[in-house]
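Notes follow the structure.
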Amino acid sequence: MRVDIVSIFPEYLAPLDLSLIGRARASGLLRLAVHDLRSWTHDVHRTVDDTPYGGGPGMVMRPEPWGEALDALAPAEAPQPRLLVPSPAGTPFTQAMAHELAAEERLLFACGRYEGIDQRVLEHAAARMPVTEVSLGDYVLFGGEVAVLVILEAVTRLLPGVLGNAGSLDEESHAHGLLEAPVYTKPPSWRGHDVPEILRSGDHGRIARWRRDEALRRTAARRPDMLAALADDLDKRDVAAL
Ligand code: SAM
């Protein structure tokens, strides 16, 4: 997958060199480039913002540098990327969207700052590429960079070959509409708290059932909305666990 990120704070994206994302880049599974929006400005102050039409507090990112950045990174005659614009007013980011994005060949992220990017940039881009405004959640951040780090981490771990054991993707929270059961490691007893006996029994059938029951109970307690969405898929044994 190829990913381009445009930001006025490219250094904010430095963690993308670390850990499994860094490894995915080194191995070529992820081809990633971070670009400074200011390199598409032409004035001595490298200006990217201006006052909002209609008045009000804050500044808005001007369309010209964004237009030039998108023209340079996604020339009209070339295959187009999917443009992702982090925004608290966007579609909520979910594991389902992470899967959808992991299937794309190319992603282009536009990191807003101040009060956001002039809306015409998105309207203009939408004539030639899919554009998605995406929200991390119902709160407001300073800028889109942190959102890009989150989205890319969720997407990269879904790329084939990135995780050593792809089976872990199948068992984790949100894989099948449930939260994952609690997990434990050695020692068997720690500060008076014991690992549930069944996990040490070696009985794989009972362990699988225990994990599903715990996942159901945890989801019911913490995310009743998720459990309600699964209602038609629960069998009698599932219902008995709740
Ligand atoms: N004026 C905007 C509004 O009220 O919708 C908020 C702008 S925010 C201060 C600056 C930038 O941070 C946004 O353009 C976006 O890129 C990013 N951002 C803030 N909150 C976000 C969120 N919940 N999800 C994704 N991006 C967010």
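By order of appearance in the structure tokens: chains A, B, ..., then residues from 1 within every chain, and ligands from 1 in the order shown.
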
| request: Select the residues contacting ligand 1 at a distance of at most 7 Å, based on only C-alpha atoms and all ligand atoms, then format the selection as an MDAnalysis selection string. | output: chainID A and resid 85:89 111:117 134:144 147

Contact table range 46-148 of chain A vs range 13-18 of chain A, cut-off 10 Å, shortest pair per residue, only C-alpha atoms, as a Markdown table:
| residue | atom | partner | partner_atom | distance |
| --- | --- | --- | --- | --- |
| A:Glu145 | CA | A:Leu13 | CA | 6.8 |
| A:Val146 | CA | A:Leu13 | CA | 8.2 |
| A:Val148 | CA | A:Leu13 | CA | 8.4 |

Could the residues in this selection be written to a file with N, CA and C atoms, as a PDB file, in the first residue's frame?
ATOM      1  N   GLU A 145      -2.997  15.258  12.643  1.00  0.00           N
ATOM      2  CA  GLU A 145      -1.856  14.334  12.656  1.00  0.00           C
ATOM      3  C   GLU A 145      -2.085  13.135  13.579  1.00  0.00           C
ATOM      4  N   VAL A 146      -2.595  13.390  14.776  1.00  0.00           N
ATOM      5  CA  VAL A 146      -2.824  12.285  15.710  1.00  0.00           C
ATOM      6  C   VAL A 146      -3.859  11.321  15.131  1.00  0.00           C
ATOM      7  N   VAL A 148      -4.310  10.692  12.023  1.00  0.00           N
ATOM      8  CA  VAL A 148      -3.649   9.896  10.980  1.00  0.00           C
ATOM      9  C   VAL A 148      -2.828   8.768  11.623  1.00  0.00           C
TER      10      VAL A 148
END

| said: Just to confirm, what's the straight-line distance from CA of Ala103 in chain A to CA of Val155 in chain A in Å (one decimal)? | reply: 9.1 Å

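Interatomic distance, CA of Asp194 in chain A against CA of Leu179 in chain A: 21.8 Å.
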